[in-house]
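J.: Got a file for you: model05.pdb, PDB, C-alpha atoms and all ligand atoms.
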ATOM      1  CA  MET A  79      -4.628   3.322 -20.854  1.00  0.00           C
ATOM      2  CA  ARG A  80      -4.764   3.103 -17.143  1.00  0.00           C
ATOM      3  CA  ILE A  81      -5.147  -0.219 -15.421  1.00  0.00           C
ATOM      4  CA  SER A  82      -7.150  -0.568 -12.289  1.00  0.00           C
ATOM      5  CA  TRP A  83      -9.831  -2.382 -10.322  1.00  0.00           C
ATOM      6  CA  SER A  84     -11.626  -1.749  -7.128  1.00  0.00           C
ATOM      7  CA  PHE A  85      -8.133  -0.590  -6.384  1.00  0.00           C
ATOM      8  CA  VAL A  86      -7.050   1.693  -9.170  1.00  0.00           C
ATOM      9  CA  VAL A  87      -3.621   0.786 -10.406  1.00  0.00           C
ATOM     10  CA  VAL A  88      -2.494   4.236 -11.359  1.00  0.00           C
ATOM     11  CA  ILE A  89      -1.280   6.531  -8.621  1.00  0.00           C
ATOM     12  CA  ALA A  90      -2.575  10.048  -8.747  1.00  0.00           C
ATOM     13  CA  CYS A  91      -0.934  13.286  -7.751  1.00  0.00           C
ATOM     14  CA  LEU A  92      -2.503  14.678  -4.634  1.00  0.00           C
ATOM     15  CA  PRO A  93       0.368  16.502  -2.929  1.00  0.00           C
ATOM     16  CA  GLY A  94      -0.246  17.936   0.449  1.00  0.00           C
ATOM     17  CA  VAL A  95      -3.858  16.901   0.719  1.00  0.00           C
ATOM     18  CA  VAL A  96      -4.859  16.721   4.356  1.00  0.00           C
ATOM     19  CA  PHE A  97      -7.734  14.659   5.649  1.00  0.00           C
ATOM     20  CA  ALA A  98      -9.374  14.107   8.963  1.00  0.00           C
ATOM     21  CA  GLN A  99      -7.744  10.718   9.334  1.00  0.00           C
ATOM     22  CA  GLY A 100      -4.323  11.810   8.151  1.00  0.00           C
ATOM     23  CA  SER A 101      -2.629  13.007   5.029  1.00  0.00           C
ATOM     24  CA  GLU A 102      -1.341  11.140   2.083  1.00  0.00           C
ATOM     25  CA  THR A 103       0.891  12.189  -0.741  1.00  0.00           C
ATOM     26  CA  VAL A 104       1.464  10.213  -3.875  1.00  0.00           C
ATOM     27  CA  GLY A 105       3.616  11.098  -6.815  1.00  0.00           C
ATOM     28  CA  GLN A 106       2.765  11.895 -10.378  1.00  0.00           C
ATOM     29  CA  GLN A 107       4.544   9.921 -13.022  1.00  0.00           C
ATOM     30  CA  GLY A 108       3.918  12.399 -15.812  1.00  0.00           C
ATOM     31  CA  SER A 109       2.015  10.715 -18.592  1.00  0.00           C
ATOM     32  CA  GLU A 110      -0.717   8.220 -18.010  1.00  0.00           C
ATOM     33  CA  LEU A 111       0.310   4.616 -17.718  1.00  0.00           C
ATOM     34  CA  THR A 112      -0.248   2.248 -20.558  1.00  0.00           C
ATOM     35  CA  ALA A 113      -1.584  -1.256 -20.583  1.00  0.00           C
ATOM     36  CA  ALA A 114       2.017  -2.425 -20.274  1.00  0.00           C
ATOM     37  CA  ASP A 115       2.035  -1.085 -16.750  1.00  0.00           C
ATOM     38  CA  SER A 116       0.105  -4.092 -15.602  1.00  0.00           C
ATOM     39  CA  GLU A 117       3.571  -5.646 -15.829  1.00  0.00           C
ATOM     40  CA  HIS A 118       4.453  -3.709 -12.703  1.00  0.00           C
ATOM     41  CA  PHE A 119       2.548  -6.146 -10.577  1.00  0.00           C
ATOM     42  CA  TRP A 120       4.802  -8.603  -8.738  1.00  0.00           C
ATOM     43  CA  THR A 121       3.369 -11.564 -10.607  1.00  0.00           C
ATOM     44  CA  SER A 122       6.717 -12.615 -12.054  1.00  0.00           C
ATOM     45  CA  GLU A 123       8.854 -12.114  -8.967  1.00  0.00           C
ATOM     46  CA  ARG A 124       6.409 -13.447  -6.373  1.00  0.00           C
ATOM     47  CA  VAL A 125       8.646 -11.886  -3.708  1.00  0.00           C
ATOM     48  CA  VAL A 126       8.724  -8.224  -2.665  1.00  0.00           C
ATOM     49  CA  PRO A 127      12.202  -7.338  -1.340  1.00  0.00           C
ATOM     50  CA  MET A 128      11.561  -4.825   1.413  1.00  0.00           C
ATOM     51  CA  CYS A 129      14.310  -3.034   3.340  1.00  0.00           C
ATOM     52  CA  TRP A 130      14.544  -0.529   6.186  1.00  0.00           C
ATOM     53  CA  HIS A 131      16.009   2.621   4.740  1.00  0.00           C
ATOM     54  CA  VAL A 132      15.549   5.318   7.395  1.00  0.00           C
ATOM     55  CA  LEU A 133      14.093   4.831  10.884  1.00  0.00           C
ATOM     56  CA  GLN A 134      13.420   7.959  12.899  1.00  0.00           C
ATOM     57  CA  PHE A 135      12.397   7.137  16.470  1.00  0.00           C
ATOM     58  CA  PRO A 136      13.232   8.515  19.910  1.00  0.00           C
ATOM     59  CA  THR A 137      14.051   5.071  21.323  1.00  0.00           C
ATOM     60  CA  PRO A 138      15.147   1.663  19.979  1.00  0.00           C
ATOM     61  CA  ALA A 139      12.161   0.049  21.698  1.00  0.00           C
ATOM     62  CA  GLU A 140       9.668   2.247  19.870  1.00  0.00           C
ATOM     63  CA  GLN A 141      11.452   1.610  16.596  1.00  0.00           C
ATOM     64  CA  GLN A 142      11.343  -2.141  17.062  1.00  0.00           C
ATOM     65  CA  ALA A 143       7.662  -2.032  17.979  1.00  0.00           C
ATOM     66  CA  ALA A 144       6.855  -0.025  14.871  1.00  0.00           C
ATOM     67  CA  GLN A 145       8.879  -2.304  12.605  1.00  0.00           C
ATOM     68  CA  ALA A 146       7.082  -5.301  14.082  1.00  0.00           C
ATOM     69  CA  LEU A 147       3.684  -3.725  13.475  1.00  0.00           C
ATOM     70  CA  VAL A 148       4.566  -2.849   9.897  1.00  0.00           C
ATOM     71  CA  THR A 149       5.771  -6.336   8.990  1.00  0.00           C
ATOM     72  CA  ARG A 150       2.914  -8.060  10.811  1.00  0.00           C
ATOM     73  CA  THR A 151       0.259  -5.846   9.235  1.00  0.00           C
ATOM     74  CA  ILE A 152       1.598  -6.378   5.731  1.00  0.00           C
ATOM     75  CA  THR A 153       2.002 -10.114   6.249  1.00  0.00           C
ATOM     76  CA  GLU A 154      -1.358 -10.752   7.856  1.00  0.00           C
ATOM     77  CA  GLY A 155      -3.336  -8.058   6.064  1.00  0.00           C
ATOM     78  CA  TRP A 156      -2.141  -8.632   2.504  1.00  0.00           C
ATOM     79  CA  LEU A 157       0.320 -11.457   1.958  1.00  0.00           C
ATOM     80  CA  SER A 158      -1.522 -14.146   3.897  1.00  0.00           C
ATOM     81  CA  LEU A 159      -4.290 -13.826   1.313  1.00  0.00           C
ATOM     82  CA  ILE A 160      -2.301 -14.167  -1.893  1.00  0.00           C
ATOM     83  CA  ASN A 161       0.464 -16.023  -3.698  1.00  0.00           C
ATOM     84  CA  LEU A 162       3.159 -13.485  -2.863  1.00  0.00           C
ATOM     85  CA  ASP A 163       5.846 -13.147  -0.194  1.00  0.00           C
ATOM     86  CA  ALA A 164       8.095 -10.403   1.130  1.00  0.00           C
ATOM     87  CA  THR A 165      11.596 -10.371   2.548  1.00  0.00           C
ATOM     88  CA  TRP A 166      12.831  -7.813   5.078  1.00  0.00           C
ATOM     89  CA  THR A 167      16.386  -6.609   5.618  1.00  0.00           C
ATOM     90  CA  ASP A 168      18.354  -3.479   6.404  1.00  0.00           C
ATOM     91  CA  CYS A 169      18.915  -1.505   3.217  1.00  0.00           C
ATOM     92  CA  PRO A 170      22.318  -1.841   1.598  1.00  0.00           C
ATOM     93  CA  THR A 171      24.131   1.472   1.206  1.00  0.00           C
ATOM     94  CA  SER A 172      25.885   0.509  -2.020  1.00  0.00           C
ATOM     95  CA  GLY A 173      25.632  -2.014  -4.811  1.00  0.00           C
ATOM     96  CA  ASP A 174      23.032  -2.875  -7.414  1.00  0.00           C
ATOM     97  CA  ALA A 175      20.500  -4.690  -5.242  1.00  0.00           C
ATOM     98  CA  ARG A 176      17.021  -3.245  -5.629  1.00  0.00           C
ATOM     99  CA  HIS A 177      14.587  -3.007  -2.766  1.00  0.00           C
ATOM    100  CA  VAL A 178      11.411  -1.252  -1.735  1.00  0.00           C
ATOM    101  CA  ARG A 179      13.048   1.164   0.680  1.00  0.00           C
ATOM    102  CA  VAL A 180      10.989   1.999   3.757  1.00  0.00           C
ATOM    103  CA  LEU A 181      11.215   5.159   5.828  1.00  0.00           C
ATOM    104  CA  LEU A 182       9.391   5.239   9.166  1.00  0.00           C
ATOM    105  CA  ARG A 183       9.123   8.485  11.093  1.00  0.00           C
ATOM    106  CA  SER A 184       7.571   8.932  14.528  1.00  0.00           C
ATOM    107  CA  GLY A 185       6.540  12.339  15.837  1.00  0.00           C
ATOM    108  CA  ASP A 186       4.563  13.712  12.890  1.00  0.00           C
ATOM    109  CA  ALA A 187       1.399  15.731  13.429  1.00  0.00           C
ATOM    110  CA  SER A 188      -0.750  13.138  11.660  1.00  0.00           C
ATOM    111  CA  TYR A 189      -0.679   9.776   9.938  1.00  0.00           C
ATOM    112  CA  ASN A 190       0.776  10.316   6.482  1.00  0.00           C
ATOM    113  CA  GLY A 191       2.228   8.250   3.702  1.00  0.00           C
ATOM    114  CA  THR A 192       4.077   8.669   0.444  1.00  0.00           C
ATOM    115  CA  THR A 193       4.442   6.061  -2.259  1.00  0.00           C
ATOM    116  CA  LEU A 194       5.612   7.731  -5.432  1.00  0.00           C
ATOM    117  CA  ARG A 195       5.256   4.858  -7.850  1.00  0.00           C
ATOM    118  CA  PRO A 196       3.123   1.744  -8.195  1.00  0.00           C
ATOM    119  CA  GLY A 197       4.175  -1.875  -7.999  1.00  0.00           C
ATOM    120  CA  THR A 198       7.679  -2.916  -9.025  1.00  0.00           C
ATOM    121  CA  LEU A 199       8.447   0.718  -9.862  1.00  0.00           C
ATOM    122  CA  THR A 200       8.900   1.213  -6.112  1.00  0.00           C
ATOM    123  CA  LEU A 201      12.203  -0.673  -6.371  1.00  0.00           C
ATOM    124  CA  SER A 202      15.442   1.283  -6.196  1.00  0.00           C
ATOM    125  CA  THR A 203      19.155   0.785  -5.695  1.00  0.00           C
ATOM    126  CA  ALA A 204      21.070   2.565  -2.964  1.00  0.00           C
ATOM    127  CA  ALA A 205      22.326   5.164  -5.431  1.00  0.00           C
ATOM    128  CA  GLU A 206      18.889   5.806  -6.900  1.00  0.00           C
ATOM    129  CA  ARG A 207      17.431   6.252  -3.448  1.00  0.00           C
ATOM    130  CA  THR A 208      19.749   9.132  -2.632  1.00  0.00           C
ATOM    131  CA  GLN A 209      18.681  11.203  -5.605  1.00  0.00           C
ATOM    132  CA  PRO A 210      16.543  14.262  -4.926  1.00  0.00           C
ATOM    133  CA  PRO A 211      12.770  14.248  -5.511  1.00  0.00           C
ATOM    134  CA  PRO A 212      10.943  12.949  -7.430  1.00  0.00           C
ATOM    135  CA  ASN A 213      13.356  10.024  -7.325  1.00  0.00           C
ATOM    136  CA  ASP A 214      13.645  10.036  -3.547  1.00  0.00           C
ATOM    137  CA  PRO A 215      11.704   7.868  -2.942  1.00  0.00           C
ATOM    138  CA  PRO A 216      10.815   5.504  -4.924  1.00  0.00           C
ATOM    139  CA  GLY A 217      10.033   3.550  -1.878  1.00  0.00           C
ATOM    140  CA  LEU A 218       7.588   3.827   0.927  1.00  0.00           C
ATOM    141  CA  LEU A 219       7.458   6.559   3.564  1.00  0.00           C
ATOM    142  CA  MET A 220       5.157   6.485   6.556  1.00  0.00           C
ATOM    143  CA  GLY A 221       4.957   9.145   9.247  1.00  0.00           C
ATOM    144  CA  PHE A 222       2.806   8.998  12.342  1.00  0.00           C
ATOM    145  CA  PRO A 223       2.196  10.749  15.655  1.00  0.00           C
ATOM    146  CA  ALA A 224       4.335   9.822  18.644  1.00  0.00           C
ATOM    147  CA  ASN A 225       1.295   8.294  20.348  1.00  0.00           C
ATOM    148  CA  TRP A 226       0.776   5.716  17.598  1.00  0.00           C
ATOM    149  CA  ASN A 227       1.210   2.828  20.059  1.00  0.00           C
ATOM    150  CA  GLN A 228      -0.803   4.112  23.014  1.00  0.00           C
ATOM    151  CA  SER A 229      -4.193   2.579  22.261  1.00  0.00           C
ATOM    152  CA  ASP A 230      -5.913   0.115  19.972  1.00  0.00           C
ATOM    153  CA  GLY A 231      -7.442   3.060  18.138  1.00  0.00           C
ATOM    154  CA  ASP A 232      -4.040   4.627  17.526  1.00  0.00           C
ATOM    155  CA  ARG A 233      -2.597   1.352  16.294  1.00  0.00           C
ATOM    156  CA  ALA A 234      -5.627   0.850  14.038  1.00  0.00           C
ATOM    157  CA  GLN A 235      -4.926   4.193  12.370  1.00  0.00           C
ATOM    158  CA  PHE A 236      -1.318   3.218  11.794  1.00  0.00           C
ATOM    159  CA  GLN A 237      -2.359  -0.168  10.443  1.00  0.00           C
ATOM    160  CA  ALA A 238      -4.825   1.430   8.018  1.00  0.00           C
ATOM    161  CA  LEU A 239      -1.986   3.624   6.745  1.00  0.00           C
ATOM    162  CA  ILE A 240       0.313   0.604   6.384  1.00  0.00           C
ATOM    163  CA  LEU A 241      -2.314  -1.391   4.484  1.00  0.00           C
ATOM    164  CA  HIS A 242      -3.109   1.509   2.176  1.00  0.00           C
ATOM    165  CA  GLU A 243       0.515   2.310   1.353  1.00  0.00           C
ATOM    166  CA  PHE A 244       1.429  -1.318   0.770  1.00  0.00           C
ATOM    167  CA  GLY A 245      -1.511  -1.486  -1.613  1.00  0.00           C
ATOM    168  CA  HIS A 246       0.387   1.021  -3.746  1.00  0.00           C
ATOM    169  CA  VAL A 247       3.500  -1.152  -3.469  1.00  0.00           C
ATOM    170  CA  LEU A 248       1.410  -4.030  -4.790  1.00  0.00           C
ATOM    171  CA  GLY A 249       0.555  -1.863  -7.792  1.00  0.00           C
ATOM    172  CA  PHE A 250      -2.832  -0.417  -6.933  1.00  0.00           C
ATOM    173  CA  GLY A 251      -3.956   3.173  -7.059  1.00  0.00           C
ATOM    174  CA  HIS A 252      -6.808   5.027  -5.448  1.00  0.00           C
ATOM    175  CA  GLU A 253     -10.316   3.685  -5.380  1.00  0.00           C
ATOM    176  CA  GLN A 254     -11.769   7.189  -5.624  1.00  0.00           C
ATOM    177  CA  ASP A 255     -10.032   7.707  -8.970  1.00  0.00           C
ATOM    178  CA  ARG A 256     -12.314   5.244 -10.704  1.00  0.00           C
ATOM    179  CA  PRO A 257     -14.531   6.851 -13.346  1.00  0.00           C
ATOM    180  CA  ASP A 258     -17.522   4.724 -12.361  1.00  0.00           C
ATOM    181  CA  GLY A 259     -17.697   5.604  -8.684  1.00  0.00           C
ATOM    182  CA  VAL A 260     -20.833   5.318  -6.623  1.00  0.00           C
ATOM    183  CA  GLU A 261     -22.878   8.380  -7.414  1.00  0.00           C
ATOM    184  CA  ASP A 262     -23.693   9.451  -3.869  1.00  0.00           C
ATOM    185  CA  VAL A 263     -20.255   8.801  -2.427  1.00  0.00           C
ATOM    186  CA  ALA A 264     -18.540  12.166  -2.500  1.00  0.00           C
ATOM    187  CA  CYS A 265     -14.938  10.969  -2.629  1.00  0.00           C
ATOM    188  CA  TYR A 266     -15.221   9.675  -6.188  1.00  0.00           C
ATOM    189  CA  THR A 267     -13.879  11.878  -8.953  1.00  0.00           C
ATOM    190  CA  ASP A 268     -14.243  11.799 -12.713  1.00  0.00           C
ATOM    191  CA  ASP A 269     -10.627  12.749 -13.275  1.00  0.00           C
ATOM    192  CA  PHE A 270      -9.451   9.400 -14.601  1.00  0.00           C
ATOM    193  CA  PRO A 271     -11.793   8.444 -17.446  1.00  0.00           C
ATOM    194  CA  ASN A 272      -9.390   5.923 -19.000  1.00  0.00           C
ATOM    195  CA  THR A 273      -8.854   3.897 -15.863  1.00  0.00           C
ATOM    196  CA  VAL A 274      -9.348   0.212 -16.453  1.00  0.00           C
ATOM    197  CA  LYS A 275     -11.143  -1.317 -13.516  1.00  0.00           C
ATOM    198  CA  ILE A 276     -11.081  -4.661 -11.813  1.00  0.00           C
ATOM    199  CA  GLY A 277     -14.220  -5.445  -9.885  1.00  0.00           C
ATOM    200  CA  PRO A 278     -17.081  -3.120  -9.015  1.00  0.00           C
ATOM    201  CA  PRO A 279     -16.765   0.286  -7.332  1.00  0.00           C
ATOM    202  CA  ASP A 280     -16.132  -0.229  -3.628  1.00  0.00           C
ATOM    203  CA  PRO A 281     -16.253   2.867  -1.423  1.00  0.00           C
ATOM    204  CA  THR A 282     -15.173   0.705   1.534  1.00  0.00           C
ATOM    205  CA  SER A 283     -11.850  -0.190  -0.151  1.00  0.00           C
ATOM    206  CA  ILE A 284      -8.616   0.248   1.771  1.00  0.00           C
ATOM    207  CA  MET A 285      -7.376   2.119  -1.299  1.00  0.00           C
ATOM    208  CA  GLY A 286      -9.891   4.851  -0.546  1.00  0.00           C
ATOM    209  CA  TRP A 287      -8.677   5.217   3.016  1.00  0.00           C
ATOM    210  CA  SER A 288      -8.173   8.832   4.121  1.00  0.00           C
ATOM    211  CA  TYR A 289     -10.072   9.965   1.021  1.00  0.00           C
ATOM    212  CA  CYS A 290     -13.454   8.265   1.450  1.00  0.00           C
ATOM    213  CA  ASP A 291     -15.266   8.463   4.772  1.00  0.00           C
ATOM    214  CA  THR A 292     -16.765   5.094   3.904  1.00  0.00           C
ATOM    215  CA  ALA A 293     -13.382   3.304   3.778  1.00  0.00           C
ATOM    216  CA  LEU A 294     -13.107   0.614   6.415  1.00  0.00           C
ATOM    217  CA  GLY A 295      -9.442   1.040   7.297  1.00  0.00           C
ATOM    218  CA  GLN A 296      -8.888  -2.604   6.437  1.00  0.00           C
ATOM    219  CA  LEU A 297      -9.323  -4.720   3.346  1.00  0.00           C
ATOM    220  CA  SER A 298     -12.892  -5.156   2.186  1.00  0.00           C
ATOM    221  CA  LEU A 299     -14.096  -8.380   0.628  1.00  0.00           C
ATOM    222  CA  GLU A 300     -14.051  -6.685  -2.779  1.00  0.00           C
ATOM    223  CA  ASP A 301     -10.455  -5.699  -2.108  1.00  0.00           C
ATOM    224  CA  ILE A 302      -9.579  -9.307  -1.422  1.00  0.00           C
ATOM    225  CA  ARG A 303     -11.521 -10.553  -4.414  1.00  0.00           C
ATOM    226  CA  GLY A 304      -9.764  -8.126  -6.736  1.00  0.00           C
ATOM    227  CA  LEU A 305      -6.395  -8.694  -5.110  1.00  0.00           C
ATOM    228  CA  ARG A 306      -6.691 -12.405  -5.716  1.00  0.00           C
ATOM    229  CA  SER A 307      -7.707 -11.856  -9.322  1.00  0.00           C
ATOM    230  CA  VAL A 308      -4.250 -10.344  -9.820  1.00  0.00           C
ATOM    231  CA  TYR A 309      -2.043 -12.424  -7.532  1.00  0.00           C
ATOM    232  CA  GLY A 310      -4.052 -15.568  -6.973  1.00  0.00           C
ATOM    233  CA  PRO A 311      -4.920 -17.068  -3.586  1.00  0.00           C
ATOM    234  CA  ARG A 312      -2.167 -18.233  -1.322  1.00  0.00           C
ATOM    235  CA  PRO A 313      -1.405 -21.932  -1.811  1.00  0.00           C
ATOM    236  CA  THR A 314      -3.173 -23.742   0.986  1.00  0.00           C
ATOM    237  CA  SER A 315       0.014 -25.583   1.954  1.00  0.00           C
ATOM    238  CA  ASN A 316       1.624 -22.232   2.719  1.00  0.00           C
ATOM    239  CA  VAL A 317      -1.151 -20.508   4.625  1.00  0.00           C
ATOM    240  CA  GLN A 318      -0.770 -19.030   8.065  1.00  0.00           C
ATOM    241  CA  PRO A 319      -4.436 -18.794   9.053  1.00  0.00           C
ATOM    242  CA  THR A 320      -5.646 -15.340   9.969  1.00  0.00           C
ATOM    243  CA  MET A 321      -9.160 -14.317  10.856  1.00  0.00           C
ATOM    244  CA  ILE A 322      -9.648 -12.284   7.687  1.00  0.00           C
ATOM    245  CA  GLY A 323      -8.086 -15.071   5.642  1.00  0.00           C
ATOM    246  CA  ILE A 324     -10.463 -17.632   7.100  1.00  0.00           C
ATOM    247  CA  LEU A 325     -13.386 -15.305   6.472  1.00  0.00           C
ATOM    248  CA  ALA A 326     -12.262 -14.582   2.924  1.00  0.00           C
ATOM    249  CA  ASN A 327     -11.810 -18.262   2.136  1.00  0.00           C
ATOM    250  CA  HIS A 328     -15.259 -18.967   3.479  1.00  0.00           C
ATOM    251  CA  LEU A 329     -16.952 -16.187   1.524  1.00  0.00           C
ATOM    252  CA  LEU A 330     -14.956 -16.080  -1.690  1.00  0.00           C
ATOM    253  CA  ASN A 331     -13.820 -19.606  -2.464  1.00  0.00           C
TER     254      ASN A 331
HETATM  255 ZN    ZN A 401      -2.648   6.454  -1.498  1.00  0.00          ZN
END
Could you quickly redo this structure as C-alpha cells?
T.:
Amino acid sequence: MRISWSFVVVIACLPGVVFAQGSETVGQQGSELTAADSEHFWTSERVVPMCWHVLQFPTPAEQQAAQALVTRTITEGWLSLINLDATWTDCPTSGDARHVRVLLRSGDASYNGTTLRPGTLTLSTAAERTQPPPNDPPGLLMGFPANWNQSDGDRAQFQALILHEFGHVLGFGHEQDRPDGVEDVACYTDDFPNTVKIGPPDPTSIMGWSYCDTALGQLSLEDIRGLRSVYGPRPTSNVQPTMIGILANHLLN
C-alpha cells in the first residue's frame, strides 16, 4: 500500500517529462511501497545529514551563492516549520557515513531535479553513490540555467525546485498522483489507486510544482498542515521566525 497525503509519499516514474516551468525526473523503485515505507520518514533520526557531492559552476562565487540559496531555502521553507534539522558538509569520498548527496549544476537549459528515492532511502555511502544508475543517485540533483541568480523571478524558480525536491527527501511524492484529485484540475491522474493520503487534495501543493499549473511554487497551508502531521511543529524554543512560519502558526495552531 502506498502512503501519502496532500504530498504523496511514493515517488513516481516520470523520466524526461518536460514542463513549461522546468523538467523533473524521479526514479521508479519497482514494486509499490508498503505501509512499512512510512518508516522512511526522518521521524526517528530528526536530523537529515546533507552533503555536497558534486558542484558544477563556472566560478566559486556563483557556487557559493547557489549553495547559500539551497541551504537557506530548505531551512526557512521546510525545517523552520517542523521538528527536524539538517546538517551540511562536504561529502566524504570513502567510509561508511551515509548522507543525502547533493549535486548542483549550473548551465542547464531549464530548471530540473532528480530525486530517485523518498525519505531516508535518499541516504548513501560514498561507495554506493559511485554506482551506475539507478543507484547513482540516491541523493538529490538539481540543474538550473546560468541566469538563475539574475532576478527575483529566476531565484523564485530555483527556490520552487529546491522546495519540491527536498519534499521528496522528506519522504513525500507527487500531489498529482493522488487518486482523489480535484476533478477539474488536469494534472491529477488516476494511476495510483492505492495511495494512502494525508489531508485533502491540494492542487496548490509544492509537490505538484512543474506538474500542476495551480502549484504555488512554495508551500501551501495544506502542505504545512500535512507536513506537521508527520514531523510535528518545531519546538517554540528552537524557532527562527520566518514570515511563512509566523503565518502558519497563526492560521494552523
Ligand atoms: Zn518531484
J.: Using all atoms listed in the file, which residue out of A:Trp156, A:Phe119, A:Tyr189, A:Tyr266 lies closest to A:Ala234?
T.: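 Nearest to A:Ala234: A:Tyr189.
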J.: Nearest residue to A:Thr171 out of A:His131, A:Gly197, A:Arg124, A:Gly251, using only C-alpha atoms?
T.: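 Of A:His131, A:Gly197, A:Arg124, A:Gly251, the one nearest A:Thr171 is A:His131, counting only C-alpha atoms.
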J.: Which neighbours of A:Gly155 fall inside 8 Å, counting all atoms listed in the file, when residues of the same chain fewer than 4 positions from it are skipped, and could you give them as a tab-separated table (two decimals) with C-alpha atoms, keeping the file's coordinate frame?
T.:
chain	number	residue	atom	x	y	z
A	150	ARG	CA	2.91	-8.06	10.81
A	151	THR	CA	0.26	-5.85	9.24
A	159	LEU	CA	-4.29	-13.83	1.31
A	241	LEU	CA	-2.31	-1.39	4.48
A	296	GLN	CA	-8.89	-2.60	6.44
A	297	LEU	CA	-9.32	-4.72	3.35
A	322	ILE	CA	-9.65	-12.28	7.69
J.: When you count all atoms listed in the file, which of these residues is closest to A:Leu162: A:Pro257, A:Gly310, A:Gly286, A:Gly295?
T.: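 Using all atoms listed in the file, A:Leu162 sits closest to A:Gly310.
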J.: Please compute the atom CA of A:Gln134-atom CA of A:Cys290 distance, one decimal, in Å.
T.: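 Separation of atom CA of A:Gln134 and atom CA of A:Cys290: 29.2 Å.
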J.: Select, from A:Gly231, A:Gly259, A:Pro311, A:Pro223, the residue with the minimum atom-to-atom distance to A:Asn190, counting only C-alpha atoms.
T.: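 For A:Asn190, the nearest of the candidates is A:Pro223.
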J.: Give me the residues within 7 Å of A:Thr200 as a list in words, counting all atoms listed in the file and dropping any in the same chain fewer than 3 places off.
T.: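 After dropping sequence-adjacent residues, the list is Val178, Arg195, Pro196, Gly197, Pro216, Gly217 and Val247 of chain A.
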J.: Keeping C-alpha atoms, export the residues of the selection given above as a PDB file, in the frame of the given file.
T.:
ATOM      1  CA  VAL A 178      11.411  -1.252  -1.735  1.00  0.00           C
ATOM      2  CA  ARG A 195       5.256   4.858  -7.850  1.00  0.00           C
ATOM      3  CA  PRO A 196       3.123   1.744  -8.195  1.00  0.00           C
ATOM      4  CA  GLY A 197       4.175  -1.875  -7.999  1.00  0.00           C
ATOM      5  CA  PRO A 216      10.815   5.504  -4.924  1.00  0.00           C
ATOM      6  CA  GLY A 217      10.033   3.550  -1.878  1.00  0.00           C
ATOM      7  CA  VAL A 247       3.500  -1.152  -3.469  1.00  0.00           C
TER       8      VAL A 247
END
J.: Please compute the atom CA of A:Arg312-atom CA of A:Thr165 distance, one decimal, in Å.
T.: 16.3 Å
J.: Could you list, as a compact mmCIF listing (two decimals) with C-alpha atoms, in the coordinates of the input, every residue within 10 Å of stretch 280-284 of chain A, counting only C-alpha atoms and ignoring same-chain residues fewer than 2 positions away?
T.:
# COMPACT_ATOMS: atom_id res chain seq x y z
CA TRP A 83 -9.83 -2.38 -10.32
CA SER A 84 -11.63 -1.75 -7.13
CA PHE A 85 -8.13 -0.59 -6.38
CA ALA A 238 -4.82 1.43 8.02
CA LEU A 239 -1.99 3.62 6.74
CA LEU A 241 -2.31 -1.39 4.48
CA HIS A 242 -3.11 1.51 2.18
CA GLU A 243 0.52 2.31 1.35
CA GLY A 245 -1.51 -1.49 -1.61
CA HIS A 252 -6.81 5.03 -5.45
CA GLU A 253 -10.32 3.68 -5.38
CA GLN A 254 -11.77 7.19 -5.62
CA ARG A 256 -12.31 5.24 -10.70
CA GLY A 259 -17.70 5.60 -8.68
CA VAL A 260 -20.83 5.32 -6.62
CA VAL A 263 -20.26 8.80 -2.43
CA ALA A 264 -18.54 12.17 -2.50
CA CYS A 265 -14.94 10.97 -2.63
CA TYR A 266 -15.22 9.68 -6.19
CA GLY A 277 -14.22 -5.44 -9.88
CA PRO A 278 -17.08 -3.12 -9.02
CA GLY A 286 -9.89 4.85 -0.55
CA TRP A 287 -8.68 5.22 3.02
CA SER A 288 -8.17 8.83 4.12
CA TYR A 289 -10.07 9.96 1.02
CA CYS A 290 -13.45 8.26 1.45
CA ASP A 291 -15.27 8.46 4.77
CA THR A 292 -16.76 5.09 3.90
CA ALA A 293 -13.38 3.30 3.78
CA LEU A 294 -13.11 0.61 6.42
CA GLY A 295 -9.44 1.04 7.30
CA GLN A 296 -8.89 -2.60 6.44
CA LEU A 297 -9.32 -4.72 3.35
CA SER A 298 -12.89 -5.16 2.19
CA LEU A 299 -14.10 -8.38 0.63
CA GLU A 300 -14.05 -6.68 -2.78
CA ASP A 301 -10.46 -5.70 -2.11
CA ILE A 302 -9.58 -9.31 -1.42
J.: What's the 12 Å shell around A:Arg233, counting only C-alpha atoms, without same-chain residues fewer than 3 positions away, as a list in words?
T.: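 Here the answer would be Ala143, Ala144, Ala146, Leu147, Val148, Thr151, Tyr189, Phe222, Pro223, Ala224, Asn225, Trp226, Asn227, Gln228, Ser229, Asp230, Phe236, Gln237, Ala238, Leu239, Ile240 and Gly295 of chain A.
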J.: Smallest atom-to-atom distance to A:Ser202: which of A:Ser307, A:Thr149, A:Ser184, A:Ser172, using only C-alpha atoms?
T.: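 Of the candidates, the smallest distance to A:Ser202 is held by A:Ser172.
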